[in-house]
Amino acid sequence: MSIHDHISRQATSKNNNMLRNAIYQTGQKIEQETLKAIRDLKTNPTHQTLLTLVEKRGQLEGYVETRKSVAPSVAVDVALDQQRGIINKAKQAIESFLTSPE
């Protein structure tokens, strides 16, 4: 392997790591926003908090699906499993709001 190949691989690895980090941080941000929206709906069940939760759940679902499609061989990890669980919690909170008598 030539020095050029080695430098090229290092640069590629560095870029991949930067992208992974940016993607991970985006996922963490959306995850936290979704958890806050779940809490807000439970403590203040209004149509506005419901709409916020629906929006955040959709963003988190989109993130999870995008992440799976970008790297299907490495997509399953603890963070992604946790985010799927949050999506399910959000779904339950939405269903609970919609089926509760007002």
# chains A, B, ... in the order shown; residues from 1 in each chain; ligands from 1

call {"tool": "residues_around", "arguments": {"residues": "Leu35 in chain A", "least_positions_apart": "2", "cutoff": "12 Å", "atoms": "only C-alpha atoms", "output": "list of chain:residue names"}}
result
A:Gln28, A:Lys29, A:Ile30, A:Glu31, A:Gln32, A:Glu33, A:Ala37, A:Ile38, A:Arg39, A:Asp40, A:Leu41, A:Lys42, A:Thr52, A:Leu53, A:Val54, A:Lys56, A:Arg57, A:Leu60, A:Gln82, A:Gln83, A:Gly85, A:Ile86, A:Ile87, A:Asn88, A:Lys89, A:Ala90, A:Lys91, A:Ala93

call {"tool": "write_last_selection", "arguments": {"atoms": "C-alpha atoms", "output": "PDB file, in the first residue's frame"}}
result
ATOM      1  CA  GLN A  28     -30.017  12.538  20.255  1.00  0.00           C
ATOM      2  CA  LYS A  29     -31.540  16.002  19.772  1.00  0.00           C
ATOM      3  CA  ILE A  30     -34.693  14.637  18.145  1.00  0.00           C
ATOM      4  CA  GLU A  31     -34.900  11.924  20.820  1.00  0.00           C
ATOM      5  CA  GLN A  32     -34.766  14.505  23.635  1.00  0.00           C
ATOM      6  CA  GLU A  33     -37.344  16.712  21.912  1.00  0.00           C
ATOM      7  CA  ALA A  37     -43.166  16.313  23.974  1.00  0.00           C
ATOM      8  CA  ILE A  38     -44.351  13.078  25.653  1.00  0.00           C
ATOM      9  CA  ARG A  39     -43.900  14.661  29.102  1.00  0.00           C
ATOM     10  CA  ASP A  40     -45.648  17.842  27.978  1.00  0.00           C
ATOM     11  CA  LEU A  41     -48.637  15.906  26.669  1.00  0.00           C
ATOM     12  CA  LYS A  42     -48.931  13.942  29.912  1.00  0.00           C
ATOM     13  CA  THR A  52     -46.137  18.839  18.954  1.00  0.00           C
ATOM     14  CA  LEU A  53     -45.794  15.182  19.941  1.00  0.00           C
ATOM     15  CA  VAL A  54     -47.127  13.984  16.585  1.00  0.00           C
ATOM     16  CA  LYS A  56     -41.659  15.062  17.004  1.00  0.00           C
ATOM     17  CA  ARG A  57     -42.633  11.406  16.679  1.00  0.00           C
ATOM     18  CA  LEU A  60     -37.853  10.596  15.092  1.00  0.00           C
ATOM     19  CA  GLN A  82     -33.877   3.126  22.328  1.00  0.00           C
ATOM     20  CA  GLN A  83     -35.281   5.509  19.727  1.00  0.00           C
ATOM     21  CA  GLY A  85     -38.858   2.421  22.052  1.00  0.00           C
ATOM     22  CA  ILE A  86     -39.437   6.172  22.325  1.00  0.00           C
ATOM     23  CA  ILE A  87     -41.460   6.069  19.109  1.00  0.00           C
ATOM     24  CA  ASN A  88     -43.665   3.389  20.691  1.00  0.00           C
ATOM     25  CA  LYS A  89     -44.046   5.455  23.900  1.00  0.00           C
ATOM     26  CA  ALA A  90     -45.050   8.443  21.806  1.00  0.00           C
ATOM     27  CA  LYS A  91     -47.602   6.333  19.935  1.00  0.00           C
ATOM     28  CA  ALA A  93     -49.264   8.691  24.593  1.00  0.00           C
TER      29      ALA A  93
END
